[in-house]
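Structure file target.cif with mmCIF, C-alpha atoms and all ligand atoms:
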```cif
data_protein
#
loop_
_atom_site.label_atom_id
_atom_site.label_comp_id
_atom_site.auth_asym_id
_atom_site.auth_seq_id
_atom_site.Cartn_x
_atom_site.Cartn_y
_atom_site.Cartn_z
CA MET A 165 -20.59 8.71 16.33
CA ASP A 166 -19.41 5.60 18.15
CA SER A 167 -16.67 3.25 16.95
CA SER A 168 -18.94 0.99 14.89
CA GLU A 169 -20.58 3.98 13.17
CA LEU A 170 -17.15 5.43 12.36
CA ARG A 171 -16.01 2.08 10.95
CA ALA A 172 -19.15 1.88 8.84
CA LEU A 173 -18.66 5.45 7.58
CA ALA A 174 -15.06 4.70 6.57
CA GLU A 175 -15.89 1.40 4.85
CA ARG A 176 -18.92 2.84 3.07
CA THR A 177 -17.01 5.91 1.89
CA VAL A 178 -13.99 4.02 0.55
CA ARG A 179 -16.09 1.37 -1.20
CA LYS A 180 -18.53 3.86 -2.71
CA ILE A 181 -15.77 6.04 -4.17
CA VAL A 182 -13.85 3.07 -5.57
CA MET A 183 -16.90 1.42 -7.07
CA THR A 184 -18.69 4.51 -8.44
CA SER A 185 -16.22 7.36 -9.07
CA PRO A 186 -15.43 8.01 -12.75
CA LEU A 187 -11.93 8.92 -11.55
CA ASN A 188 -11.27 5.24 -10.81
CA SER A 189 -10.33 4.89 -14.45
CA LEU A 190 -7.51 3.41 -16.50
CA LYS A 191 -7.46 6.30 -18.94
CA GLY A 192 -7.28 5.10 -22.52
CA PHE A 193 -8.74 1.67 -21.67
CA ASP A 194 -12.33 2.62 -20.72
CA GLU A 195 -12.20 0.45 -17.57
CA LYS A 196 -11.51 0.78 -13.84
CA SER A 197 -8.03 1.03 -12.36
CA TRP A 198 -8.97 -0.91 -9.21
CA GLY A 199 -11.30 -3.67 -8.10
CA LYS A 200 -13.25 -3.99 -4.83
CA PRO A 201 -11.20 -2.66 -1.90
CA ILE A 202 -10.57 -4.04 1.60
CA VAL A 203 -10.58 -1.61 4.55
CA GLY A 204 -8.77 -2.06 7.89
CA PHE A 205 -8.22 -0.06 11.05
CA ALA A 206 -5.28 0.58 13.39
CA ALA A 207 -4.95 2.39 16.71
CA GLY A 208 -2.93 5.61 16.74
CA ASN A 209 -1.09 4.43 19.84
CA ASP A 210 -0.13 1.03 18.42
CA PRO A 211 3.50 0.55 19.60
CA LEU A 212 4.54 -0.49 16.09
CA PHE A 213 4.44 3.13 14.93
CA GLU A 214 7.13 4.07 17.49
CA SER A 215 9.09 0.92 16.53
CA TYR A 216 9.04 1.97 12.88
CA LYS A 217 10.46 5.36 13.86
CA GLU A 218 13.27 3.68 15.78
CA LEU A 219 14.02 1.24 12.96
CA ILE A 220 13.62 3.50 9.94
CA GLY A 221 14.84 6.82 11.33
CA ASP A 222 13.77 9.92 13.22
CA PHE A 223 12.25 11.37 10.03
CA TYR A 224 9.58 8.62 10.05
CA TRP A 225 6.24 9.99 11.26
CA THR A 226 4.03 8.68 14.03
CA PRO A 227 0.27 9.33 13.62
CA SER A 228 0.44 12.10 16.26
CA GLU A 229 3.21 13.87 14.35
CA VAL A 230 1.19 13.82 11.13
CA MET A 231 -1.82 15.35 12.91
CA GLN A 232 0.45 17.95 14.49
CA LEU A 233 1.67 18.95 11.01
CA ALA A 234 -1.90 19.22 9.73
CA TYR A 235 -3.15 21.11 12.83
CA PRO A 236 -0.11 23.01 14.20
CA ASP A 237 -2.11 24.85 16.89
CA GLU A 238 -3.44 21.67 18.49
CA THR A 239 -2.06 18.76 20.48
CA PHE A 240 -3.00 15.15 19.78
CA ASN A 241 -2.56 12.19 22.09
CA ALA A 242 -1.84 8.98 20.23
CA ASP A 243 -4.61 7.12 22.07
CA GLN A 244 -7.20 9.52 20.62
CA LEU A 245 -6.23 8.70 17.03
CA SER A 246 -7.07 5.92 14.59
CA ILE A 247 -5.84 5.01 11.13
CA ILE A 248 -8.12 3.98 8.29
CA CYS A 249 -6.27 1.94 5.67
CA TRP A 250 -7.38 0.42 2.36
CA ILE A 251 -6.15 -2.07 -0.20
CA LEU A 252 -6.85 -1.47 -3.92
CA PRO A 253 -6.47 -4.67 -5.98
CA GLN A 254 -5.45 -4.63 -9.63
CA THR A 255 -8.18 -5.71 -12.07
CA GLU A 256 -8.26 -9.03 -13.95
CA ASN A 257 -7.45 -7.27 -17.25
CA THR A 258 -4.36 -5.57 -15.80
CA LEU A 259 -3.17 -8.80 -14.18
CA ALA A 260 -3.66 -10.75 -17.42
CA ASP A 261 -1.58 -8.24 -19.40
CA GLN A 262 1.16 -8.04 -16.79
CA ARG A 263 1.47 -11.85 -16.68
CA LYS A 264 2.52 -11.78 -20.34
CA ALA A 265 5.25 -9.22 -19.61
CA ASP A 266 8.75 -10.36 -18.64
CA LYS A 267 11.11 -7.40 -19.11
CA LEU A 268 8.98 -4.27 -19.19
CA PRO A 269 5.65 -3.69 -17.44
CA ALA A 270 2.44 -3.99 -19.46
CA SER A 271 0.71 -0.85 -20.71
CA ARG A 272 -2.30 -1.36 -18.40
CA TRP A 273 0.07 -1.75 -15.42
CA ILE A 274 1.84 1.49 -16.38
CA HIS A 275 -1.51 3.27 -16.62
CA SER A 276 -2.66 1.94 -13.24
CA ARG A 277 0.63 3.05 -11.64
CA HIS A 278 -0.01 6.56 -12.98
CA TYR A 279 -3.78 7.15 -13.21
CA GLY A 280 -4.61 4.61 -10.51
CA GLU A 281 -2.28 6.27 -8.04
CA LYS A 282 -3.70 9.68 -8.96
CA PHE A 283 -7.11 8.21 -8.08
CA ASN A 284 -5.64 6.89 -4.81
CA GLU A 285 -4.55 10.46 -4.01
CA TYR A 286 -8.09 11.66 -4.70
CA LEU A 287 -9.41 8.85 -2.49
CA ARG A 288 -7.11 9.87 0.38
CA ALA A 289 -8.25 13.51 0.10
CA THR A 290 -11.94 12.63 -0.22
CA VAL A 291 -12.03 10.17 2.70
CA ARG A 292 -10.12 12.72 4.82
CA ASP A 293 -12.58 15.48 3.87
CA THR A 294 -15.58 13.25 4.56
CA PHE A 295 -14.42 12.89 8.18
CA ILE A 296 -13.62 16.60 8.47
CA LYS A 297 -17.14 17.41 7.25
CA ALA A 298 -18.47 15.04 9.91
CA GLY A 299 -16.67 17.16 12.55
CA ILE A 300 -13.64 14.85 12.99
CA LYS A 301 -10.16 16.20 12.37
CA ALA A 302 -8.25 14.12 9.84
CA ALA A 303 -5.03 14.06 7.81
CA ALA A 304 -3.68 12.04 4.88
CA PRO A 305 0.09 11.57 5.39
CA VAL A 306 1.14 10.74 1.83
CA ILE A 307 -0.51 13.85 0.35
CA CYS A 308 0.83 16.20 3.08
CA SER A 309 3.13 18.82 1.53
CA GLU A 310 5.90 17.70 3.94
CA PHE A 311 5.84 14.10 2.67
CA SER A 312 9.30 13.14 1.40
CA TYR A 313 11.91 10.41 0.99
CA GLN A 314 15.10 10.33 3.04
CA GLN A 315 17.99 7.97 3.66
CA SER A 316 17.40 5.45 6.45
CA HIS A 317 20.54 4.01 8.09
CA ASN A 318 18.93 0.57 8.12
CA PHE A 319 16.84 0.55 4.93
CA GLY A 320 18.30 3.02 2.40
CA LEU A 321 15.82 5.33 0.71
CA ALA A 322 12.60 5.48 2.77
CA SER A 323 9.57 7.75 3.00
CA ASN A 324 8.33 9.36 6.20
CA TRP A 325 5.05 7.39 6.01
CA SER A 326 4.82 3.87 4.59
CA GLU A 327 1.38 2.72 3.43
CA ARG A 328 2.54 -0.93 3.53
CA HIS A 329 3.81 -0.69 7.10
CA THR A 330 0.57 1.03 8.09
CA ALA A 331 -1.46 -1.73 6.42
CA PHE A 332 0.50 -4.28 8.46
CA VAL A 333 -0.45 -2.49 11.68
CA ALA A 334 -4.08 -2.59 10.53
CA GLY A 335 -3.88 -6.38 10.09
CA LEU A 336 -4.38 -6.24 6.32
CA GLY A 337 -1.50 -8.53 5.39
CA THR A 338 2.24 -9.17 5.73
CA PHE A 339 5.44 -8.67 3.77
CA GLY A 340 6.84 -11.23 1.34
CA LEU A 341 10.27 -12.20 0.02
CA SER A 342 10.17 -9.40 -2.59
CA ASP A 343 9.17 -6.77 0.03
CA GLY A 344 5.68 -6.66 -1.53
CA PHE A 345 2.64 -6.69 0.76
CA ILE A 346 0.57 -9.88 0.62
CA THR A 347 -3.10 -9.30 1.46
CA GLU A 348 -6.22 -11.46 1.22
CA ARG A 349 -6.55 -10.02 -2.31
CA GLY A 350 -2.92 -10.84 -3.08
CA LYS A 351 0.18 -8.75 -3.64
CA ALA A 352 -0.81 -6.91 -6.85
CA VAL A 353 -2.31 -3.98 -4.95
CA ARG A 354 -1.84 -0.32 -4.02
CA ILE A 355 -2.49 0.96 -0.53
CA GLY A 356 -3.80 4.17 1.03
CA SER A 357 -4.43 5.52 4.52
CA ILE A 358 -5.63 8.50 6.53
CA ILE A 359 -5.51 9.39 10.23
CA VAL A 360 -8.60 10.54 12.15
CA ALA A 361 -8.91 12.12 15.59
CA ALA A 362 -11.40 9.54 16.85
CA ARG A 363 -11.22 6.21 18.61
CA ILE A 364 -12.12 3.33 16.29
CA THR A 365 -11.73 -0.25 17.49
CA PRO A 366 -8.62 -1.52 15.65
CA ASP A 367 -8.47 -4.77 13.70
CA VAL A 368 -6.57 -7.65 15.26
CA ARG A 369 -3.32 -8.80 13.62
CA ARG A 370 -3.69 -12.55 13.37
CA PHE A 371 -0.20 -13.14 12.00
CA ASN A 372 2.58 -14.81 13.92
CA SER A 373 5.24 -12.75 12.09
CA HIS A 374 5.57 -9.83 9.69
CA THR A 375 6.18 -12.30 6.83
CA ALA A 376 3.54 -14.91 7.71
CA ASN A 377 1.67 -14.69 4.36
CA CYS A 378 4.74 -15.52 2.25
CA LEU A 379 5.28 -19.18 1.39
CA TRP A 380 9.06 -18.74 1.48
CA TYR A 381 9.08 -17.59 5.09
CA ALA A 382 6.13 -19.71 6.24
CA GLU A 383 7.07 -23.04 4.63
CA GLY A 384 10.43 -22.66 2.91
CA THR A 385 8.76 -23.15 -0.49
CA CYS A 386 7.89 -21.07 -3.57
CA GLY A 387 10.42 -18.33 -4.39
CA ALA A 388 8.49 -17.71 -7.64
CA CYS A 389 9.02 -13.94 -7.42
CA ILE A 390 12.80 -14.49 -7.71
CA SER A 391 12.62 -15.59 -11.34
CA ARG A 392 10.05 -12.91 -12.26
CA CYS A 393 12.56 -10.11 -11.66
CA PRO A 394 14.48 -9.27 -14.86
CA VAL A 395 17.49 -7.86 -12.95
CA ASN A 396 17.83 -10.43 -10.15
CA ALA A 397 16.82 -7.90 -7.51
CA ILE A 398 15.08 -10.68 -5.52
CA SER A 399 16.92 -13.64 -4.02
CA THR A 400 16.49 -15.97 -1.07
CA ALA A 401 18.16 -13.19 0.93
CA GLY A 402 15.28 -10.83 0.09
CA HIS A 403 14.90 -7.68 -2.01
CA ASP A 404 17.84 -5.64 -3.31
CA LYS A 405 16.24 -2.19 -3.20
CA GLN A 406 19.12 -0.52 -5.01
CA ALA A 407 19.06 -2.90 -8.00
CA CYS A 408 15.28 -2.52 -8.20
CA PHE A 409 15.54 1.26 -7.98
CA GLU A 410 18.20 1.43 -10.71
CA TYR A 411 16.20 -0.75 -13.12
CA ILE A 412 13.03 1.26 -12.60
CA ARG A 413 14.74 4.68 -12.87
CA GLY A 414 16.99 3.66 -15.74
CA VAL A 415 14.75 1.41 -17.83
CA THR A 416 11.05 1.15 -16.96
CA ALA A 417 10.46 4.83 -16.14
CA PRO A 418 11.83 6.10 -19.49
CA TYR A 419 9.79 3.37 -21.22
CA ALA A 420 6.66 4.44 -19.33
CA GLU A 421 7.32 8.06 -20.24
CA LYS A 422 7.09 7.17 -23.92
CA ILE A 423 3.73 5.47 -23.35
CA LEU A 424 2.19 8.00 -20.94
CA GLY A 425 3.91 11.22 -21.92
CA ALA A 426 4.60 11.63 -18.18
CA TRP A 427 7.25 10.46 -15.73
CA GLU A 428 6.20 7.36 -13.79
CA THR A 429 8.04 4.55 -12.00
CA PRO A 430 6.33 1.23 -12.72
CA CYS A 431 7.59 -2.34 -12.70
CA GLY A 432 5.62 -4.87 -10.60
CA LEU A 433 6.68 -7.88 -12.69
CA CYS A 434 7.32 -9.63 -9.35
CA GLN A 435 3.69 -9.04 -8.31
CA VAL A 436 2.07 -11.30 -10.94
CA LYS A 437 2.33 -14.89 -12.22
CA ILE A 438 3.15 -16.00 -8.69
CA PRO A 439 1.14 -17.87 -6.01
CA CYS A 440 0.49 -14.68 -4.00
CA GLU A 441 -0.72 -12.64 -7.01
CA ARG A 442 -4.44 -12.62 -6.21
CA HIS A 443 -4.78 -14.18 -2.77
CA ASN A 444 -2.96 -15.03 0.43
CA PRO A 445 -1.25 -18.36 -0.32
CA VAL A 446 -0.78 -19.29 3.32
CA SER A 447 -4.00 -20.88 4.51
CA THR A 448 -3.50 -20.23 8.21
CA CYS A 449 -3.66 -16.44 7.78
CA SER A 450 -6.61 -14.27 8.85
CA LYS A 451 -9.52 -13.98 6.46
CA LYS A 452 -10.28 -10.30 6.18
CA ALA A 453 -11.62 -10.18 2.64
CA SER A 454 -15.34 -9.63 2.40
S1 LIG B 501 5.98 -15.38 -4.90
FE1 LIG B 501 6.22 -16.89 -3.24
S2 LIG B 501 8.18 -16.38 -2.26
FE2 LIG B 501 7.60 -14.59 -3.49
S3 LIG B 501 6.46 -13.26 -2.06
FE3 LIG B 501 4.92 -14.58 -3.07
S4 LIG B 501 4.66 -16.33 -1.70
FE4 LIG B 501 6.57 -15.29 -1.10
S1 LIG B 502 9.64 -4.17 -9.04
FE1 LIG B 502 10.63 -4.98 -10.92
S2 LIG B 502 12.82 -4.56 -10.67
FE2 LIG B 502 11.87 -4.34 -8.66
S3 LIG B 502 12.07 -6.36 -7.67
FE3 LIG B 502 10.06 -6.35 -8.68
S4 LIG B 502 10.44 -7.21 -10.72
FE4 LIG B 502 12.45 -6.62 -9.88
#
```

Can you dump the structure from the file as structure tokens?
Amino acid sequence: MDSSELRALAERTVRKIVMTSPLNSLKGFDEKSWGKPIVGFAAGNDPLFESYKELIGDFYWTPSEVMQLAYPDETFNADQLSIICWILPQTENTLADQRKADKLPASRWIHSRHYGEKFNEYLRATVRDTFIKAGIKAAAPVICSEFSYQQSHNFGLASNWSERHTAFVAGLGTFGLSDGFITERGKAVRIGSIIVAARITPDVRRFNSHTANCLWYAEGTCGACISRCPVNAISTAGHDKQACFEYIRGVTAPYAEKILGAWETPCGLCQVKIPCERHNPVSTCSKKAS
């Protein structure tokens, strides 16, 4: 298969699973967890992956290292690899409920964080396996058994593969004041990715900075996410990860456990009732949504 056929296979597979799988379900609500996805592509040898490793820490994986973990007897050159990345937007019902919440996340949001992310894990595995069945080696970093969180000197607690940073490489959006990822479908999203041993023409990043889609950084306006956070974890200086972490672990996770009967870590109050909730508020950004 050539690059355009591989792109088409990836886009078709992701969209079909999201739009037709019964597993894309907000259990208990008889409706989908996620709306129509966006798919983007990055090159395995994009220099940003090495930059992330330098900035975040040696534990952060490059695409080649992930493939090496999945296929220990083989060697992979970064220029032979590509990354397929997708954005899963929250539904209108979930957004509407979460807008009414101001201290604790809405029940639908809690369910999407739990069942929606379980579906995202299934999506990662199924897209990976689709490529393997087509004769192309593939790996899904976040569902690798070695996936973990460690302490970064520069950023505190960090995982060895970041879906948001990968989505930035694939040109799917940029970061905002709250650290959320602002796409053409907004910031109320979840993200997934896999790596394939094939060359796929990458998407072009049309941003002039890693925060270009945020009104605060682009124009010095907005700041609406600051007042949405119940524990002041967002300020004009950015996102206080520790304060956010403590609120979620200490308050919203125990609350979610009562609702779900399972441990989960939702909040996302700063992802709704804001200008970047459902779209990219900065008009000069690339238009990737289809
Ligand atoms: S709410 Fe405003 S300031 Fe906060 S991330 Fe979105 S665009 Fe940026
Ligand atoms: S996720 Fe919740 S606690 Fe964390 S910054 Fe957003 S609103 Fe605040």

Show me, as CSV, the residues of stretch 185-294 of chain A having an atom within 8 Å of stretch 358-369 of chain A, each with the closest atom pair and its distance in Å, using only C-alpha atoms.
```
residue,atom,partner,partner_atom,distance
A:Gly204,CA,A:Asp367,CA,6.4
A:Phe205,CA,A:Pro366,CA,4.8
A:Ala206,CA,A:Pro366,CA,4.5
A:Ala207,CA,A:Pro366,CA,5.5
A:Gly208,CA,A:Ile359,CA,8.0
A:Pro227,CA,A:Ile359,CA,6.7
A:Met231,CA,A:Ile359,CA,7.5
A:Phe240,CA,A:Ala361,CA,7.9
A:Asp243,CA,A:Arg363,CA,7.5
A:Gln244,CA,A:Arg363,CA,5.6
A:Leu245,CA,A:Ala361,CA,4.6
A:Ser246,CA,A:Val360,CA,5.4
A:Ile247,CA,A:Ile359,CA,4.5
A:Ile248,CA,A:Ile358,CA,5.5
A:Cys249,CA,A:Ile358,CA,6.6
A:Arg288,CA,A:Ile358,CA,6.5
A:Val291,CA,A:Ile358,CA,7.6
A:Arg292,CA,A:Ile358,CA,6.4
```

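Using only C-alpha atoms, the shortest contact distance between A:Ala331 and any of A:Lys422, A:Arg272, A:Arg354, A:Arg179 is found at A:Arg354.
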
Contacts of ligand LIG 502 (chain B), 8 Å or closer, all atoms listed in the file, given as a ChimeraX atom specification:
/A:342,389,392-398,403-405,407-409,411-412,430-435

Give me the residues of chain A that have any atom at most 12 Å from an atom of ligand LIG 501 (chain B); for each, the nearest atom pair and the distance in Å, rounded to one decimal. Use all atoms listed in the file, sort by chain and number, and format it as JSON lines.
```
{"residue": "A:Gly337", "atom": "CA", "partner": "B:LIG501", "partner_atom": "S3", "distance": 11.9}
{"residue": "A:Thr338", "atom": "CA", "partner": "B:LIG501", "partner_atom": "S3", "distance": 9.8}
{"residue": "A:Phe339", "atom": "CA", "partner": "B:LIG501", "partner_atom": "S3", "distance": 7.5}
{"residue": "A:Gly340", "atom": "CA", "partner": "B:LIG501", "partner_atom": "S3", "distance": 4.0}
{"residue": "A:Leu341", "atom": "CA", "partner": "B:LIG501", "partner_atom": "S3", "distance": 4.5}
{"residue": "A:Ser342", "atom": "CA", "partner": "B:LIG501", "partner_atom": "S3", "distance": 5.4}
{"residue": "A:Asp343", "atom": "CA", "partner": "B:LIG501", "partner_atom": "S3", "distance": 7.3}
{"residue": "A:Gly344", "atom": "CA", "partner": "B:LIG501", "partner_atom": "S3", "distance": 6.7}
{"residue": "A:Phe345", "atom": "CA", "partner": "B:LIG501", "partner_atom": "S3", "distance": 8.1}
{"residue": "A:Ile346", "atom": "CA", "partner": "B:LIG501", "partner_atom": "S3", "distance": 7.3}
{"residue": "A:Thr347", "atom": "CA", "partner": "B:LIG501", "partner_atom": "FE3", "distance": 10.6}
{"residue": "A:Gly350", "atom": "CA", "partner": "B:LIG501", "partner_atom": "FE3", "distance": 8.7}
{"residue": "A:Lys351", "atom": "CA", "partner": "B:LIG501", "partner_atom": "FE3", "distance": 7.5}
{"residue": "A:Ala352", "atom": "CA", "partner": "B:LIG501", "partner_atom": "FE3", "distance": 10.3}
{"residue": "A:Thr375", "atom": "CA", "partner": "B:LIG501", "partner_atom": "FE4", "distance": 8.5}
{"residue": "A:Ala376", "atom": "CA", "partner": "B:LIG501", "partner_atom": "FE4", "distance": 9.3}
{"residue": "A:Asn377", "atom": "CA", "partner": "B:LIG501", "partner_atom": "S4", "distance": 7.0}
{"residue": "A:Cys378", "atom": "CA", "partner": "B:LIG501", "partner_atom": "FE4", "distance": 3.8}
{"residue": "A:Leu379", "atom": "CA", "partner": "B:LIG501", "partner_atom": "S4", "distance": 4.2}
{"residue": "A:Trp380", "atom": "CA", "partner": "B:LIG501", "partner_atom": "S2", "distance": 4.5}
{"residue": "A:Tyr381", "atom": "CA", "partner": "B:LIG501", "partner_atom": "FE4", "distance": 7.1}
{"residue": "A:Ala382", "atom": "CA", "partner": "B:LIG501", "partner_atom": "FE4", "distance": 8.6}
{"residue": "A:Glu383", "atom": "CA", "partner": "B:LIG501", "partner_atom": "S4", "distance": 9.5}
{"residue": "A:Gly384", "atom": "CA", "partner": "B:LIG501", "partner_atom": "S2", "distance": 8.4}
{"residue": "A:Thr385", "atom": "CA", "partner": "B:LIG501", "partner_atom": "S2", "distance": 7.0}
{"residue": "A:Cys386", "atom": "CA", "partner": "B:LIG501", "partner_atom": "FE1", "distance": 4.5}
{"residue": "A:Gly387", "atom": "CA", "partner": "B:LIG501", "partner_atom": "S2", "distance": 3.7}
{"residue": "A:Ala388", "atom": "CA", "partner": "B:LIG501", "partner_atom": "S1", "distance": 4.4}
{"residue": "A:Cys389", "atom": "CA", "partner": "B:LIG501", "partner_atom": "S1", "distance": 4.2}
{"residue": "A:Ile390", "atom": "CA", "partner": "B:LIG501", "partner_atom": "FE2", "distance": 6.7}
{"residue": "A:Ser391", "atom": "CA", "partner": "B:LIG501", "partner_atom": "S1", "distance": 9.3}
{"residue": "A:Arg392", "atom": "CA", "partner": "B:LIG501", "partner_atom": "S1", "distance": 8.8}
{"residue": "A:Cys393", "atom": "CA", "partner": "B:LIG501", "partner_atom": "FE2", "distance": 10.6}
{"residue": "A:Ile398", "atom": "CA", "partner": "B:LIG501", "partner_atom": "FE2", "distance": 8.7}
{"residue": "A:Ser399", "atom": "CA", "partner": "B:LIG501", "partner_atom": "S2", "distance": 9.3}
{"residue": "A:Thr400", "atom": "CA", "partner": "B:LIG501", "partner_atom": "S2", "distance": 8.4}
{"residue": "A:Ala401", "atom": "CA", "partner": "B:LIG501", "partner_atom": "S2", "distance": 11.0}
{"residue": "A:Gly402", "atom": "CA", "partner": "B:LIG501", "partner_atom": "FE2", "distance": 9.3}
{"residue": "A:His403", "atom": "CA", "partner": "B:LIG501", "partner_atom": "S3", "distance": 10.1}
{"residue": "A:Gly432", "atom": "CA", "partner": "B:LIG501", "partner_atom": "S1", "distance": 12.0}
{"residue": "A:Leu433", "atom": "CA", "partner": "B:LIG501", "partner_atom": "S1", "distance": 10.8}
{"residue": "A:Cys434", "atom": "CA", "partner": "B:LIG501", "partner_atom": "S1", "distance": 7.4}
{"residue": "A:Gln435", "atom": "CA", "partner": "B:LIG501", "partner_atom": "S1", "distance": 7.6}
{"residue": "A:Val436", "atom": "CA", "partner": "B:LIG501", "partner_atom": "S1", "distance": 8.3}
{"residue": "A:Lys437", "atom": "CA", "partner": "B:LIG501", "partner_atom": "S1", "distance": 8.2}
{"residue": "A:Ile438", "atom": "CA", "partner": "B:LIG501", "partner_atom": "S1", "distance": 4.8}
{"residue": "A:Pro439", "atom": "CA", "partner": "B:LIG501", "partner_atom": "S1", "distance": 5.6}
{"residue": "A:Cys440", "atom": "CA", "partner": "B:LIG501", "partner_atom": "FE3", "distance": 4.5}
{"residue": "A:Glu441", "atom": "CA", "partner": "B:LIG501", "partner_atom": "FE3", "distance": 7.1}
{"residue": "A:Arg442", "atom": "CA", "partner": "B:LIG501", "partner_atom": "FE3", "distance": 10.1}
{"residue": "A:His443", "atom": "CA", "partner": "B:LIG501", "partner_atom": "FE3", "distance": 9.7}
{"residue": "A:Asn444", "atom": "CA", "partner": "B:LIG501", "partner_atom": "S4", "distance": 8.0}
{"residue": "A:Pro445", "atom": "CA", "partner": "B:LIG501", "partner_atom": "S4", "distance": 6.4}
{"residue": "A:Val446", "atom": "CA", "partner": "B:LIG501", "partner_atom": "S4", "distance": 8.0}
{"residue": "A:Ser447", "atom": "CA", "partner": "B:LIG501", "partner_atom": "S4", "distance": 11.6}
```

Create the file for the chosen residues now, containing C-alpha atoms and written as an mmCIF file, keeping the file's coordinate frame.
```
data_model
loop_
_atom_site.group_PDB
_atom_site.id
_atom_site.type_symbol
_atom_site.label_atom_id
_atom_site.label_comp_id
_atom_site.auth_asym_id
_atom_site.auth_seq_id
_atom_site.Cartn_x
_atom_site.Cartn_y
_atom_site.Cartn_z
ATOM 1 C CA GLY A 337 -1.500 -8.530 5.390
ATOM 2 C CA THR A 338 2.240 -9.170 5.730
ATOM 3 C CA PHE A 339 5.440 -8.670 3.770
ATOM 4 C CA GLY A 340 6.840 -11.230 1.340
ATOM 5 C CA LEU A 341 10.270 -12.200 0.020
ATOM 6 C CA SER A 342 10.170 -9.400 -2.590
ATOM 7 C CA ASP A 343 9.170 -6.770 0.030
ATOM 8 C CA GLY A 344 5.680 -6.660 -1.530
ATOM 9 C CA PHE A 345 2.640 -6.690 0.760
ATOM 10 C CA ILE A 346 0.570 -9.880 0.620
ATOM 11 C CA THR A 347 -3.100 -9.300 1.460
ATOM 12 C CA GLY A 350 -2.920 -10.840 -3.080
ATOM 13 C CA LYS A 351 0.180 -8.750 -3.640
ATOM 14 C CA ALA A 352 -0.810 -6.910 -6.850
ATOM 15 C CA THR A 375 6.180 -12.300 6.830
ATOM 16 C CA ALA A 376 3.540 -14.910 7.710
ATOM 17 C CA ASN A 377 1.670 -14.690 4.360
ATOM 18 C CA CYS A 378 4.740 -15.520 2.250
ATOM 19 C CA LEU A 379 5.280 -19.180 1.390
ATOM 20 C CA TRP A 380 9.060 -18.740 1.480
ATOM 21 C CA TYR A 381 9.080 -17.590 5.090
ATOM 22 C CA ALA A 382 6.130 -19.710 6.240
ATOM 23 C CA GLU A 383 7.070 -23.040 4.630
ATOM 24 C CA GLY A 384 10.430 -22.660 2.910
ATOM 25 C CA THR A 385 8.760 -23.150 -0.490
ATOM 26 C CA CYS A 386 7.890 -21.070 -3.570
ATOM 27 C CA GLY A 387 10.420 -18.330 -4.390
ATOM 28 C CA ALA A 388 8.490 -17.710 -7.640
ATOM 29 C CA CYS A 389 9.020 -13.940 -7.420
ATOM 30 C CA ILE A 390 12.800 -14.490 -7.710
ATOM 31 C CA SER A 391 12.620 -15.590 -11.340
ATOM 32 C CA ARG A 392 10.050 -12.910 -12.260
ATOM 33 C CA CYS A 393 12.560 -10.110 -11.660
ATOM 34 C CA ILE A 398 15.080 -10.680 -5.520
ATOM 35 C CA SER A 399 16.920 -13.640 -4.020
ATOM 36 C CA THR A 400 16.490 -15.970 -1.070
ATOM 37 C CA ALA A 401 18.160 -13.190 0.930
ATOM 38 C CA GLY A 402 15.280 -10.830 0.090
ATOM 39 C CA HIS A 403 14.900 -7.680 -2.010
ATOM 40 C CA GLY A 432 5.620 -4.870 -10.600
ATOM 41 C CA LEU A 433 6.680 -7.880 -12.690
ATOM 42 C CA CYS A 434 7.320 -9.630 -9.350
ATOM 43 C CA GLN A 435 3.690 -9.040 -8.310
ATOM 44 C CA VAL A 436 2.070 -11.300 -10.940
ATOM 45 C CA LYS A 437 2.330 -14.890 -12.220
ATOM 46 C CA ILE A 438 3.150 -16.000 -8.690
ATOM 47 C CA PRO A 439 1.140 -17.870 -6.010
ATOM 48 C CA CYS A 440 0.490 -14.680 -4.000
ATOM 49 C CA GLU A 441 -0.720 -12.640 -7.010
ATOM 50 C CA ARG A 442 -4.440 -12.620 -6.210
ATOM 51 C CA HIS A 443 -4.780 -14.180 -2.770
ATOM 52 C CA ASN A 444 -2.960 -15.030 0.430
ATOM 53 C CA PRO A 445 -1.250 -18.360 -0.320
ATOM 54 C CA VAL A 446 -0.780 -19.290 3.320
ATOM 55 C CA SER A 447 -4.000 -20.880 4.510
#
```

Rounded to one decimal, what separation in Å do you get between atom CA of A:Lys191 and atom CA of A:Leu336?
28.4 Å

Distance criterion (only C-alpha atoms): nearest to A:Leu259 out of A:Val353, A:Leu219, A:Ala426, A:Ala417:
A:Val353

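Minimum distance to A:Ile220 across A:Ala260, A:Ala304, A:Leu321, A:Ala234 (counting all atoms listed in the file) occurs at A:Leu321.
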
Residue nearest A:Gly280 - candidates A:Lys267, A:Lys297, A:Lys196, A:Arg349, atoms counted: all atoms listed in the file:
A:Lys196

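For the residues A:Ile274, A:Val203, A:Ala289, A:Ile300, ranking by smallest atom-to-atom distance to A:Leu252 using all atoms listed in the file places A:Val203 first.
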